[in-house]
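Visitor: Structure: start-v1.txt, compact mmCIF, C-alpha atoms.
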```
# COMPACT_ATOMS: atom_id res chain seq x y z
CA MET U 1 46.66 69.50 154.50
CA THR U 2 46.10 73.24 154.62
CA ASN U 3 46.62 73.47 158.39
CA ILE U 4 50.26 72.56 157.83
CA ASN U 5 53.00 74.33 155.92
CA GLY U 6 56.43 72.77 156.38
CA LYS U 7 57.10 72.48 160.09
CA ALA U 8 54.34 74.86 161.15
CA TYR U 9 50.76 73.98 162.05
CA SER U 10 48.09 76.66 162.04
CA MET U 11 45.38 76.20 164.59
CA ASN U 12 42.13 78.17 164.84
CA ALA U 13 39.60 77.83 167.64
CA ILE U 14 36.52 79.74 168.74
CA THR U 15 34.72 79.43 172.07
CA PRO U 16 31.65 81.21 173.46
CA MET U 17 31.80 83.22 176.68
CA LYS U 18 29.08 84.86 178.72
CA PRO U 19 29.65 88.61 178.26
CA TRP U 20 30.00 89.31 181.99
CA LYS U 21 33.03 87.00 182.07
CA THR U 22 34.97 88.74 179.30
CA PRO U 23 36.42 91.52 181.50
CA PHE U 24 37.95 88.93 183.82
CA LEU U 25 39.70 87.25 180.90
CA LYS U 26 40.91 90.60 179.58
CA LEU U 27 42.27 91.42 183.01
CA PHE U 28 44.18 88.13 183.06
CA PHE U 29 45.65 88.83 179.63
CA PHE U 30 46.61 92.34 180.73
CA ILE U 31 48.52 90.89 183.68
CA LEU U 32 50.10 88.22 181.46
CA GLY U 33 51.28 90.91 179.05
CA ALA U 34 52.60 93.20 181.76
CA VAL U 35 54.39 90.61 183.91
CA LYS U 36 56.81 88.95 181.49
CA PRO U 37 57.99 86.15 183.85
CA LEU U 38 54.43 84.76 183.67
CA GLN U 39 55.14 83.95 179.99
CA LYS U 40 58.12 81.78 180.99
CA ASP U 41 56.39 78.42 180.41
CA LEU U 42 55.07 79.56 177.04
CA LYS U 43 58.60 80.63 176.05
CA ASN U 44 60.22 77.50 177.42
CA LEU U 45 57.96 75.22 175.41
CA SER U 46 59.78 76.73 172.44
CA PHE U 47 57.57 75.40 169.69
CA ILE U 48 55.22 78.31 169.16
CA HIS U 49 56.26 80.92 166.57
CA PHE U 50 53.28 83.19 167.19
CA ALA U 51 50.00 82.82 169.08
CA ARG U 52 47.19 85.20 169.80
CA TRP U 53 43.90 85.40 171.62
CA VAL U 54 41.23 87.79 170.41
CA CYS U 55 38.06 88.60 172.35
CA ILE U 56 35.14 89.64 170.15
CA ALA U 57 32.17 91.25 171.85
CA ARG U 58 28.77 89.88 170.78
CA ASP U 59 28.16 93.17 168.93
CA GLY U 60 31.78 93.42 167.74
CA PHE U 61 31.62 91.47 164.47
CA PRO U 62 32.27 93.93 161.62
CA ARG U 63 29.13 95.11 159.81
CA LEU U 64 30.01 96.97 156.66
CA ALA U 65 26.71 97.59 154.87
CA ASP U 66 23.03 97.92 155.69
CA SER U 67 22.43 94.95 153.42
CA GLN U 68 24.52 92.79 155.76
CA PRO U 69 22.25 91.40 158.48
CA ALA U 70 23.25 92.50 161.99
CA GLU U 71 24.47 89.70 164.25
CA GLU U 72 22.22 88.91 167.21
CA LEU U 73 24.44 86.99 169.58
CA LYS U 74 24.12 86.20 173.26
CA TYR U 75 27.77 85.30 173.74
CA ASP U 76 31.08 87.07 173.34
CA TYR U 77 33.64 84.89 171.55
CA LEU U 78 37.26 84.04 172.22
CA LEU U 79 39.29 83.38 169.07
CA PHE U 80 42.62 81.57 169.35
CA PHE U 81 45.20 81.41 166.56
CA SER U 82 48.45 79.54 166.97
CA ASN U 83 51.45 78.76 164.74
CA PHE U 84 53.34 75.89 166.28
CA ASN U 85 55.82 73.13 165.39
CA GLY U 86 55.07 69.47 165.77
CA THR U 87 51.85 67.58 165.51
CA TRP U 88 48.43 68.50 166.85
CA ASN U 89 48.61 65.73 169.45
CA GLN U 90 52.07 66.76 170.64
CA TYR U 91 50.90 70.35 170.96
CA ILE U 92 47.79 69.58 172.96
CA ASP U 93 49.64 67.05 175.13
CA ALA U 94 52.36 69.60 175.91
CA PHE U 95 49.80 72.29 176.64
CA SER U 96 47.96 69.98 178.98
CA ALA U 97 51.11 68.76 180.74
CA VAL U 98 53.04 72.03 181.07
CA LEU U 99 50.66 74.95 180.68
CA TYR U 100 47.56 73.57 182.34
CA ARG U 101 47.30 76.35 184.93
CA GLY U 102 47.58 79.11 182.33
CA LEU U 103 45.23 77.38 179.93
CA ASP U 104 42.60 76.92 182.58
CA LEU U 105 42.84 80.59 183.50
CA ILE U 106 42.25 81.49 179.84
CA TRP U 107 39.50 79.07 178.88
CA ARG U 108 37.71 78.61 182.19
CA TRP U 109 35.53 81.58 181.14
CA SER U 110 34.39 79.72 178.01
CA GLU U 111 31.22 77.66 178.02
CA LYS U 112 31.55 73.94 178.71
CA TYR U 113 35.35 74.08 179.03
CA PRO U 114 36.26 70.80 180.74
CA GLY U 115 39.71 71.83 182.03
CA SER U 116 43.05 70.93 180.44
CA GLN U 117 43.40 67.79 182.55
CA PRO U 118 42.60 64.99 181.95
CA VAL U 119 43.82 65.47 178.42
CA THR U 120 41.23 63.24 176.71
CA ALA U 121 38.31 65.55 177.58
CA PHE U 122 40.47 68.56 176.71
CA LYS U 123 41.28 67.13 173.27
CA ARG U 124 37.62 66.41 172.61
CA TYR U 125 36.76 70.02 173.43
CA ILE U 126 39.53 71.44 171.23
CA SER U 127 38.42 69.20 168.34
CA LEU U 128 34.91 70.58 168.72
CA VAL U 129 35.86 74.25 168.71
CA GLN U 130 38.65 74.09 166.12
CA PHE U 131 38.13 75.06 162.47
CA ASP U 132 40.43 74.48 159.52
CA THR U 133 42.68 76.88 157.67
CA ASP U 134 42.03 77.47 153.96
CA TYR U 135 45.38 79.03 153.12
CA TYR U 136 48.60 79.04 155.12
CA TYR U 137 51.87 80.79 154.29
CA ASN U 138 55.14 80.37 156.18
CA VAL U 139 58.24 82.39 155.26
CA TYR U 140 60.61 79.64 156.49
CA PRO U 141 58.62 76.39 156.24
CA HIS U 142 61.63 74.20 156.96
CA ALA U 143 62.66 75.94 160.16
CA ALA U 144 61.10 75.30 163.55
CA THR U 145 61.18 77.89 166.32
CA ASN U 146 64.22 76.19 167.82
CA ASP U 147 65.97 76.29 164.42
CA VAL U 148 65.35 80.02 164.23
CA LYS U 149 66.66 80.63 167.74
CA ALA U 150 69.74 78.47 167.06
CA ALA U 151 70.43 80.28 163.76
CA ILE U 152 70.25 83.65 165.50
CA ARG U 153 72.80 82.50 168.11
CA VAL U 154 75.08 81.25 165.32
CA GLN U 155 74.77 84.53 163.43
CA ARG U 156 75.68 86.59 166.50
CA ALA U 157 78.77 84.49 167.22
CA PHE U 158 79.74 84.51 163.53
CA ASP U 159 79.44 88.31 163.26
CA GLU U 160 81.59 88.72 166.33
CA LEU U 161 84.32 86.47 164.96
CA ALA U 162 84.17 88.07 161.50
CA LYS U 163 84.52 91.52 163.06
CA LYS U 164 87.72 90.73 164.92
CA SER U 165 89.26 88.17 162.56
CA GLU U 166 91.18 90.67 160.42
CA SER U 167 93.02 92.13 163.39
CA LEU U 168 94.23 88.72 164.60
CA THR U 169 97.41 86.87 163.67
CA PRO U 170 96.80 83.45 162.01
CA GLU U 171 97.68 81.68 165.26
CA GLU U 172 95.34 83.90 167.29
CA PHE U 173 92.61 83.35 164.72
CA GLN U 174 93.02 79.59 164.88
CA LYS U 175 92.56 79.72 168.64
CA GLU U 176 89.46 81.90 168.30
CA TRP U 177 88.16 79.58 165.58
CA LEU U 178 88.38 76.59 167.91
CA THR U 179 86.50 78.46 170.63
CA PHE U 180 83.91 79.55 168.07
CA GLN U 181 83.38 75.98 166.83
CA VAL U 182 82.78 74.71 170.34
CA GLN U 183 80.38 77.60 170.97
CA VAL U 184 78.22 77.10 167.86
CA ALA U 185 78.43 73.32 167.44
CA PRO U 186 75.17 72.62 169.34
CA ASP U 187 73.33 75.08 167.10
CA LEU U 188 74.53 73.79 163.73
CA GLY U 189 72.77 71.42 161.38
CA ALA U 190 70.56 71.88 158.38
CA THR U 191 66.85 72.60 158.51
CA GLY U 192 64.51 70.45 156.49
CA ILE U 193 61.15 68.78 156.17
CA ALA U 194 59.29 67.72 159.28
CA PRO U 195 58.68 64.12 160.29
CA VAL U 196 55.26 62.73 159.47
CA GLY U 197 52.87 62.49 162.40
CA THR U 198 49.35 63.15 163.57
CA MET Q 1 49.23 97.91 172.30
CA ALA Q 2 48.25 94.24 172.18
CA ASN Q 3 48.63 94.03 168.39
CA VAL Q 4 52.38 94.43 168.75
CA SER Q 5 55.06 92.23 170.33
CA GLY Q 6 58.56 93.68 170.07
CA SER Q 7 59.05 94.54 166.41
CA THR Q 8 56.28 92.18 165.20
CA TYR Q 9 52.74 93.26 164.38
CA GLY Q 10 49.88 90.76 164.66
CA LEU Q 11 46.98 91.72 162.44
CA THR Q 12 43.56 90.07 162.75
CA ILE Q 13 40.88 90.94 160.21
CA LEU Q 14 37.33 89.63 159.93
CA SER Q 15 35.64 90.54 156.66
CA PRO Q 16 31.99 89.56 156.19
CA ILE Q 17 31.53 87.45 153.06
CA LYS Q 18 28.80 88.30 150.57
CA GLU Q 19 25.72 86.10 150.44
CA ASP Q 20 23.92 85.71 147.12
CA ASN Q 21 21.36 82.95 146.67
CA GLN Q 22 21.24 83.50 142.90
CA LEU Q 23 24.75 82.19 142.32
CA ASP Q 24 25.49 78.58 141.37
CA LEU Q 25 28.56 78.68 143.56
CA CYS Q 26 28.34 80.86 146.68
CA HIS Q 27 31.02 83.44 147.40
CA SER Q 28 32.49 81.48 150.31
CA MET Q 29 32.96 78.40 148.12
CA GLU Q 30 34.47 80.42 145.26
CA LEU Q 31 36.85 81.91 147.79
CA ARG Q 32 37.80 78.47 149.08
CA TRP Q 33 38.45 77.29 145.54
CA TYR Q 34 40.68 80.26 144.84
CA LEU Q 35 42.63 79.83 148.07
CA SER Q 36 43.12 76.12 147.46
CA GLN Q 37 44.86 76.90 144.15
CA LEU Q 38 47.10 79.65 145.51
CA PRO Q 39 50.81 78.73 145.78
CA ARG Q 40 52.08 78.49 149.34
CA ASP Q 41 55.84 78.61 148.64
CA HIS Q 42 58.11 81.31 147.16
CA ARG Q 43 55.43 82.03 144.53
CA SER Q 44 52.93 83.04 147.23
CA PRO Q 45 51.75 86.67 147.22
CA PHE Q 46 52.92 86.83 150.83
CA ALA Q 47 56.46 86.02 149.68
CA GLN Q 48 56.25 89.30 147.74
CA LEU Q 49 55.23 91.04 150.95
CA SER Q 50 58.73 90.51 152.24
CA ASP Q 51 57.96 91.48 155.84
CA THR Q 52 55.50 88.60 156.39
CA TYR Q 53 56.42 85.72 158.71
CA LEU Q 54 53.26 83.66 158.77
CA ALA Q 55 49.83 84.41 157.34
CA ARG Q 56 46.56 82.54 157.06
CA LEU Q 57 43.19 82.96 155.40
CA VAL Q 58 40.23 81.11 156.80
CA VAL Q 59 36.57 81.04 155.86
CA MET Q 60 34.69 80.95 159.16
CA ASP Q 61 31.26 79.52 158.45
CA ASP Q 62 29.72 79.86 161.86
CA VAL Q 63 30.38 79.91 165.58
CA VAL Q 64 30.43 76.62 167.45
CA PHE Q 65 27.71 75.14 169.65
CA VAL Q 66 29.52 73.45 172.52
CA GLY Q 67 26.49 71.56 173.88
CA HIS Q 68 23.79 72.06 176.49
CA PRO Q 69 23.29 73.91 178.77
CA ALA Q 70 25.03 76.50 176.55
CA CYS Q 71 22.73 78.30 174.09
CA GLU Q 72 22.87 77.39 170.43
CA GLU Q 73 23.30 80.43 168.21
CA HIS Q 74 24.51 81.12 164.69
CA LEU Q 75 26.18 83.86 162.73
CA LYS Q 76 24.14 85.60 160.06
CA SER Q 77 27.19 86.08 157.84
CA ARG Q 78 30.23 84.00 157.05
CA TYR Q 79 33.52 85.77 157.72
CA LEU Q 80 36.90 85.70 156.05
CA VAL Q 81 39.53 85.60 158.80
CA PHE Q 82 42.89 87.06 157.79
CA GLU Q 83 45.65 86.59 160.34
CA THR Q 84 49.17 87.76 159.59
CA ASN Q 85 52.40 88.43 161.51
CA PHE Q 86 54.84 90.93 160.04
CA ASP Q 87 57.60 93.47 160.70
CA GLY Q 88 56.81 97.15 160.92
CA GLY Q 89 53.67 99.25 160.96
CA LEU Q 90 50.14 98.51 159.80
CA ASP Q 91 49.71 101.32 157.29
CA HIS Q 92 52.97 100.45 155.54
CA TYR Q 93 51.99 96.79 155.31
CA LEU Q 94 48.50 97.51 153.99
CA THR Q 95 49.94 99.94 151.44
CA ARG Q 96 52.32 97.24 150.21
CA MET Q 97 49.46 94.74 150.08
CA ALA Q 98 47.47 97.04 147.82
CA GLN Q 99 50.37 98.13 145.64
CA GLU Q 100 52.40 94.92 145.32
CA THR Q 101 49.77 92.19 145.56
CA GLY Q 102 46.71 94.08 144.34
CA GLU Q 103 45.56 91.31 142.00
CA PHE Q 104 45.58 88.78 144.83
CA VAL Q 105 43.90 91.13 147.29
CA ASN Q 106 41.13 91.95 144.82
CA ALA Q 107 40.63 88.28 143.93
CA VAL Q 108 40.14 87.42 147.61
CA TRP Q 109 38.27 90.38 149.04
CA GLN Q 110 35.93 90.86 146.04
CA HIS Q 111 33.84 88.22 147.81
CA CYS Q 112 33.52 90.39 150.90
CA VAL Q 113 30.86 92.95 151.79
CA GLY Q 114 31.79 96.59 151.22
CA PHE Q 115 35.25 95.92 149.76
CA PRO Q 116 36.22 99.05 147.78
CA GLY Q 117 39.07 97.51 145.76
CA THR Q 118 42.72 98.51 145.97
CA GLU Q 119 42.78 101.34 143.43
CA ASP Q 120 41.89 103.95 146.00
CA LEU Q 121 44.54 103.28 148.64
CA ASN Q 122 42.91 105.36 151.37
CA LYS Q 123 39.58 103.59 150.97
CA PHE Q 124 41.30 100.21 151.02
CA ILE Q 125 43.19 101.01 154.23
CA GLU Q 126 40.04 102.41 155.81
CA TYR Q 127 38.14 99.23 154.87
CA MET Q 128 40.79 96.91 156.33
CA LYS Q 129 40.87 98.92 159.55
CA ARG Q 130 37.09 98.71 159.87
CA CYS Q 131 37.46 94.94 159.65
CA GLN Q 132 40.35 94.79 162.12
CA ILE Q 133 39.79 93.20 165.51
CA GLU Q 134 42.12 94.30 168.28
CA THR Q 135 44.26 91.44 169.57
CA THR Q 136 43.72 90.82 173.27
CA PHE Q 137 47.02 89.00 173.85
CA PHE Q 138 49.81 88.46 171.32
CA PHE Q 139 52.74 86.12 171.88
CA ALA Q 140 55.80 86.09 169.61
CA ASP Q 141 58.57 83.71 170.65
CA VAL Q 142 61.23 85.69 168.77
CA ASN Q 143 60.30 89.37 168.53
CA ASP Q 144 63.62 91.20 168.26
CA GLN Q 145 64.51 90.21 164.69
CA THR Q 146 63.23 90.95 161.20
CA VAL Q 147 62.28 88.50 158.46
CA GLU Q 148 65.43 89.57 156.62
CA SER Q 149 67.76 89.03 159.57
CA THR Q 150 66.16 85.68 160.41
CA LEU Q 151 66.56 84.40 156.85
CA ASN Q 152 70.17 85.60 156.85
CA ALA Q 153 70.81 83.74 160.11
CA LEU Q 154 69.32 80.53 158.69
CA LYS Q 155 71.52 80.97 155.61
CA THR Q 156 74.64 81.42 157.75
CA GLN Q 157 73.75 78.43 159.92
CA ALA Q 158 73.35 76.14 156.91
CA ALA Q 159 76.51 77.33 155.13
CA LEU Q 160 78.72 77.34 158.22
CA ALA Q 161 78.40 73.63 158.90
CA ALA Q 162 79.62 72.85 155.37
CA PHE Q 163 82.48 75.36 155.69
CA MET Q 164 83.65 73.80 158.95
CA GLU Q 165 83.62 70.36 157.44
CA ARG Q 166 85.65 71.43 154.40
CA HIS Q 167 88.30 73.21 156.46
CA GLN Q 168 89.04 70.72 159.15
CA GLY Q 169 92.79 70.42 159.75
CA CYS Q 170 93.71 73.48 157.65
CA LYS Q 171 96.80 75.49 158.55
CA ALA Q 172 96.19 78.73 160.47
CA GLY Q 173 96.95 81.18 157.65
CA GLU Q 174 94.96 79.25 155.08
CA LEU Q 175 92.02 78.94 157.47
CA GLN Q 176 91.97 82.67 158.20
CA ARG Q 177 92.04 83.57 154.50
CA ALA Q 178 89.32 81.05 153.70
CA PHE Q 179 87.17 82.40 156.55
CA GLY Q 180 87.54 85.96 155.22
CA SER Q 181 86.42 84.86 151.74
CA PHE Q 182 83.59 82.82 153.22
CA ALA Q 183 82.28 85.75 155.30
CA MET Q 184 82.44 87.97 152.21
CA SER Q 185 80.62 85.44 150.01
CA LEU Q 186 77.90 85.02 152.64
CA ARG Q 187 77.29 88.75 152.71
CA GLN Q 188 76.97 88.79 148.92
CA ALA Q 189 74.87 85.64 148.59
CA PRO Q 190 71.18 86.11 147.77
CA PRO Q 191 68.79 85.69 150.70
CA LEU Q 192 66.97 82.40 151.17
CA PRO Q 193 63.76 82.30 149.16
CA ARG Q 194 60.79 83.45 151.20
CA GLY Q 195 58.26 80.66 151.47
CA GLY Q 196 60.86 78.01 150.70
CA ASP Q 197 61.63 75.86 147.69
CA GLU Q 198 63.18 72.51 146.83
CA SER Q 199 66.75 73.70 147.42
CA ARG Q 200 65.98 73.91 151.15
CA ASP Q 201 65.37 70.20 151.59
CA ILE Q 202 67.62 68.40 154.03
CA ARG Q 203 71.07 68.53 152.52
CA GLN Q 204 72.51 65.55 154.34
CA ASP Q 205 69.93 63.23 152.79
CA ARG Q 206 71.22 64.00 149.33
CA ARG Q 207 74.85 63.58 150.16
CA GLY Q 208 76.54 60.34 149.29
CA HIS Q 209 77.92 58.34 152.18
CA ASP Q 210 81.69 58.11 152.38
```
Could I get this file's structure written as structure tokens?
Guide:
Amino acid sequence: MTNINGKAYSMNAITPMKPWKTPFLKLFFFILGAVKPLQKDLKNLSFIHFARWVCIARDGFPRLADSQPAEELKYDYLLFFSNFNGTWNQYIDAFSAVLYRGLDLIWRWSEKYPGSQPVTAFKRYISLVQFDTDYYYNVYPHAATNDVKAAIRVQRAFDELAKKSESLTPEEFQKEWLTFQVQVAPDLGATGIAPVGT
Amino acid sequence: MANVSGSTYGLTILSPIKEDNQLDLCHSMELRWYLSQLPRDHRSPFAQLSDTYLARLVVMDDVVFVGHPACEEHLKSRYLVFETNFDGGLDHYLTRMAQETGEFVNAVWQHCVGFPGTEDLNKFIEYMKRCQIETTFFFADVNDQTVESTLNALKTQAALAAFMERHQGCKAGELQRAFGSFAMSLRQAPPLPRGGDESRDIRQDRRGHD
């Protein structure tokens, strides 16, 4: 399936918005970007590599030649692109359970948005506005976001130990080695293919 | 700038796709065929663009009608959506795209309106920027690393577990020497292949049980 590459799922969605509502959404995103603690839930979910929201004004679709017909749209559009780990159902369930307030503040400006709870109506809406990916590349297909974060913690601890190891006596090193093992043990383990799911 | 999070740039491009009723196979379908055949692993053109984390190409046929009382409306063109996340600046990335993956770029964007090709770098960059849509909000979970440093960390993580297992119960001097050699060999080892390959399957599954 082209929406999936290794452990990452690429999701695309487009929803129409009345143009007078767009500035309110942009204001919300501005606040979300400026006040980092508001992103805490998004961070804590820890299964999104990258996500972005893009507002396109009704006259904002690129027109590159006179031969290309000009768009005549009544709505602005909100595009959403996400790269997440896990299955589509897990993702939407988690969004609905944990991020419902934030999601509603983002999509409440879109036409016919039913709210993120109850999740059944929310899933039906996402299914309607989602479109598939034709080509998807992932630099580390076998690593989830948590794998990446764990590997970075391991690397930092490893670099620290490597830096001081030469100046230690064998006995001192052995002691440091034990401490190091305890420190990195929760973050070890090999990455690999994802479990099958829907 | 909303296109940037930490050291990561999020580029969104919408390129209108050519329409030609005279063709047996329309441009959007030819594009889909081409993309379906393109390797997605270490042979991907994006693996050559070493700064790329995740990238996608999508043919967007139309906008969506969400039901009454919303108005039903349609696009007059199809659009190729190109979404990519990479380290560094936009001009540098686009220059590398044109110079290192020119064949791929031309094969894809030849189906798009007004595409000038990659031979004239300035025209190519100007074209891509005309197609760029400013990101309104960009979230990157890890945004203080590079592709290179992340792949190195994954390499260290995988190798370290095996090293620990092999050196359980070693004497202090032997352990210290082995660690020094291990750290040196890790520094000299080639980076993990971008885009993955078979060698990155779960190692434990292949190991015989004691």
Visitor: Which region 44-78 of chain U residues have any atom within 12 Å of an atom of region 105-127 of chain U, and for each, what is the nearest pair of atoms with distance in Å to one decimal, counting all atoms listed in the file, rows sorted by chain and number, as a tab-separated table?
Guide:
```
residue	atom	partner	partner_atom	distance
U:Arg52	CA	U:Ile106	CA	11.8
U:Trp53	CA	U:Ile106	CA	9.3
U:Val54	CA	U:Ile106	CA	11.4
U:Cys55	CA	U:Ile106	CA	11.1
U:Tyr75	CA	U:Glu111	CA	9.4
U:Asp76	CA	U:Ser110	CA	9.3
U:Tyr77	CA	U:Ser110	CA	8.3
U:Leu78	CA	U:Ser110	CA	7.8
```
Visitor: Using 6 Å as the limit and counting only C-alpha atoms, can you tabulate each residue of chain U that touches chain Q, with its shortest atom-to-atom distance in Å and the two atoms involved, as CSV?
Guide:
```
residue,atom,partner,partner_atom,distance
U:Phe29,CA,Q:Phe137,CA,5.9
U:His49,CA,Q:Asp141,CA,5.5
U:Phe50,CA,Q:Ala140,CA,4.5
U:Ala51,CA,Q:Phe139,CA,5.1
U:Arg52,CA,Q:Phe138,CA,4.4
U:Trp53,CA,Q:Phe137,CA,5.3
U:Val54,CA,Q:Thr135,CA,4.8
U:Pro62,CA,Q:Cys131,CA,5.6
U:Leu64,CA,Q:Gly114,CA,5.7
U:Glu71,CA,Q:Lys76,CA,5.9
U:Thr133,CA,Q:Val58,CA,5.0
U:Asp134,CA,Q:Val58,CA,5.0
U:Tyr135,CA,Q:Leu57,CA,5.0
U:Tyr136,CA,Q:Arg56,CA,4.5
U:Tyr137,CA,Q:Ala55,CA,5.2
U:Asn138,CA,Q:Leu54,CA,4.6
U:Val139,CA,Q:Gly195,CA,4.2
U:Tyr140,CA,Q:Gly195,CA,5.6
U:Ala151,CA,Q:Ala153,CA,5.0
U:Ile152,CA,Q:Ala153,CA,5.4
U:Gln155,CA,Q:Ala153,CA,5.2
U:Pro170,CA,Q:Gly173,CA,4.9
U:Glu171,CA,Q:Ala172,CA,5.8
U:Gln174,CA,Q:Ala172,CA,5.5
U:Ala190,CA,Q:Ala158,CA,5.3
U:Gly192,CA,Q:Ile202,CA,4.5
```
Visitor: Keeping C-alpha atoms, export the residues of the selection given above as a compact mmCIF listing (two decimals), in the frame of the given file.
Guide:
```
# COMPACT_ATOMS: atom_id res chain seq x y z
CA PHE U 29 45.65 88.83 179.63
CA HIS U 49 56.26 80.92 166.57
CA PHE U 50 53.28 83.19 167.19
CA ALA U 51 50.00 82.82 169.08
CA ARG U 52 47.19 85.20 169.80
CA TRP U 53 43.90 85.40 171.62
CA VAL U 54 41.23 87.79 170.41
CA PRO U 62 32.27 93.93 161.62
CA LEU U 64 30.01 96.97 156.66
CA GLU U 71 24.47 89.70 164.25
CA THR U 133 42.68 76.88 157.67
CA ASP U 134 42.03 77.47 153.96
CA TYR U 135 45.38 79.03 153.12
CA TYR U 136 48.60 79.04 155.12
CA TYR U 137 51.87 80.79 154.29
CA ASN U 138 55.14 80.37 156.18
CA VAL U 139 58.24 82.39 155.26
CA TYR U 140 60.61 79.64 156.49
CA ALA U 151 70.43 80.28 163.76
CA ILE U 152 70.25 83.65 165.50
CA GLN U 155 74.77 84.53 163.43
CA PRO U 170 96.80 83.45 162.01
CA GLU U 171 97.68 81.68 165.26
CA GLN U 174 93.02 79.59 164.88
CA ALA U 190 70.56 71.88 158.38
CA GLY U 192 64.51 70.45 156.49
```
Visitor: In Å to one decimal, how far is CA of Lys43 (chain U) from CA of Pro23 (chain U)?
Guide: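 CA of Pro23 (chain U) sits 25.3 Å away from CA of Lys43 (chain U).
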Visitor: Rounded to one decimal place, report the CA of Phe24 (chain U)-CA of Lys36 (chain U) distance in Å.
Guide: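 Computed distance, CA of Phe24 (chain U) to CA of Lys36 (chain U), equals 19.0 Å.
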Visitor: By how many Å are CA of Lys175 (chain U) and CA of Leu186 (chain Q) apart?
Guide: 22.3 Å
Visitor: Complete region 159-175 of chain Q with N, CA and C atoms (output as a PDB file, in the frame of the given file).
Guide:
```
ATOM      1  N   ALA Q 159      75.241  77.288 155.857  1.00  0.00           N
ATOM      2  CA  ALA Q 159      76.510  77.330 155.130  1.00  0.00           C
ATOM      3  C   ALA Q 159      77.703  77.048 156.045  1.00  0.00           C
ATOM      4  N   LEU Q 160      77.595  77.446 157.293  1.00  0.00           N
ATOM      5  CA  LEU Q 160      78.720  77.340 158.220  1.00  0.00           C
ATOM      6  C   LEU Q 160      79.115  75.882 158.489  1.00  0.00           C
ATOM      7  N   ALA Q 161      78.103  75.036 158.615  1.00  0.00           N
ATOM      8  CA  ALA Q 161      78.400  73.630 158.900  1.00  0.00           C
ATOM      9  C   ALA Q 161      79.242  73.031 157.770  1.00  0.00           C
ATOM     10  N   ALA Q 162      78.878  73.370 156.530  1.00  0.00           N
ATOM     11  CA  ALA Q 162      79.620  72.850 155.370  1.00  0.00           C
ATOM     12  C   ALA Q 162      81.042  73.422 155.342  1.00  0.00           C
ATOM     13  N   PHE Q 163      81.151  74.722 155.669  1.00  0.00           N
ATOM     14  CA  PHE Q 163      82.480  75.360 155.690  1.00  0.00           C
ATOM     15  C   PHE Q 163      83.391  74.698 156.717  1.00  0.00           C
ATOM     16  N   MET Q 164      82.849  74.443 157.878  1.00  0.00           N
ATOM     17  CA  MET Q 164      83.650  73.800 158.950  1.00  0.00           C
ATOM     18  C   MET Q 164      84.146  72.431 158.503  1.00  0.00           C
ATOM     19  N   GLU Q 165      83.271  71.714 157.868  1.00  0.00           N
ATOM     20  CA  GLU Q 165      83.620  70.360 157.440  1.00  0.00           C
ATOM     21  C   GLU Q 165      84.751  70.391 156.404  1.00  0.00           C
ATOM     22  N   ARG Q 166      84.649  71.341 155.479  1.00  0.00           N
ATOM     23  CA  ARG Q 166      85.650  71.430 154.400  1.00  0.00           C
ATOM     24  C   ARG Q 166      87.010  71.872 154.921  1.00  0.00           C
ATOM     25  N   HIS Q 167      87.033  72.613 156.009  1.00  0.00           N
ATOM     26  CA  HIS Q 167      88.300  73.210 156.460  1.00  0.00           C
ATOM     27  C   HIS Q 167      88.862  72.597 157.740  1.00  0.00           C
ATOM     28  N   GLN Q 168      88.460  71.400 157.998  1.00  0.00           N
ATOM     29  CA  GLN Q 168      89.040  70.720 159.150  1.00  0.00           C
ATOM     30  C   GLN Q 168      90.528  70.446 158.890  1.00  0.00           C
ATOM     31  N   GLY Q 169      91.364  70.727 159.855  1.00  0.00           N
ATOM     32  CA  GLY Q 169      92.790  70.420 159.750  1.00  0.00           C
ATOM     33  C   GLY Q 169      93.587  71.390 158.903  1.00  0.00           C
ATOM     34  N   CYS Q 170      92.977  72.505 158.466  1.00  0.00           N
ATOM     35  CA  CYS Q 170      93.710  73.480 157.650  1.00  0.00           C
ATOM     36  C   CYS Q 170      94.754  74.215 158.508  1.00  0.00           C
ATOM     37  N   LYS Q 171      95.786  74.706 157.834  1.00  0.00           N
ATOM     38  CA  LYS Q 171      96.800  75.490 158.550  1.00  0.00           C
ATOM     39  C   LYS Q 171      96.199  76.864 158.888  1.00  0.00           C
ATOM     40  N   ALA Q 172      96.778  77.506 159.919  1.00  0.00           N
ATOM     41  CA  ALA Q 172      96.190  78.730 160.470  1.00  0.00           C
ATOM     42  C   ALA Q 172      96.002  79.829 159.420  1.00  0.00           C
ATOM     43  N   GLY Q 173      97.034  80.109 158.636  1.00  0.00           N
ATOM     44  CA  GLY Q 173      96.950  81.180 157.650  1.00  0.00           C
ATOM     45  C   GLY Q 173      95.902  80.894 156.590  1.00  0.00           C
ATOM     46  N   GLU Q 174      95.916  79.658 156.120  1.00  0.00           N
ATOM     47  CA  GLU Q 174      94.960  79.250 155.080  1.00  0.00           C
ATOM     48  C   GLU Q 174      93.520  79.346 155.607  1.00  0.00           C
ATOM     49  N   LEU Q 175      93.346  78.920 156.850  1.00  0.00           N
ATOM     50  CA  LEU Q 175      92.020  78.940 157.470  1.00  0.00           C
ATOM     51  C   LEU Q 175      91.502  80.374 157.594  1.00  0.00           C
TER      52      LEU Q 175
END
```
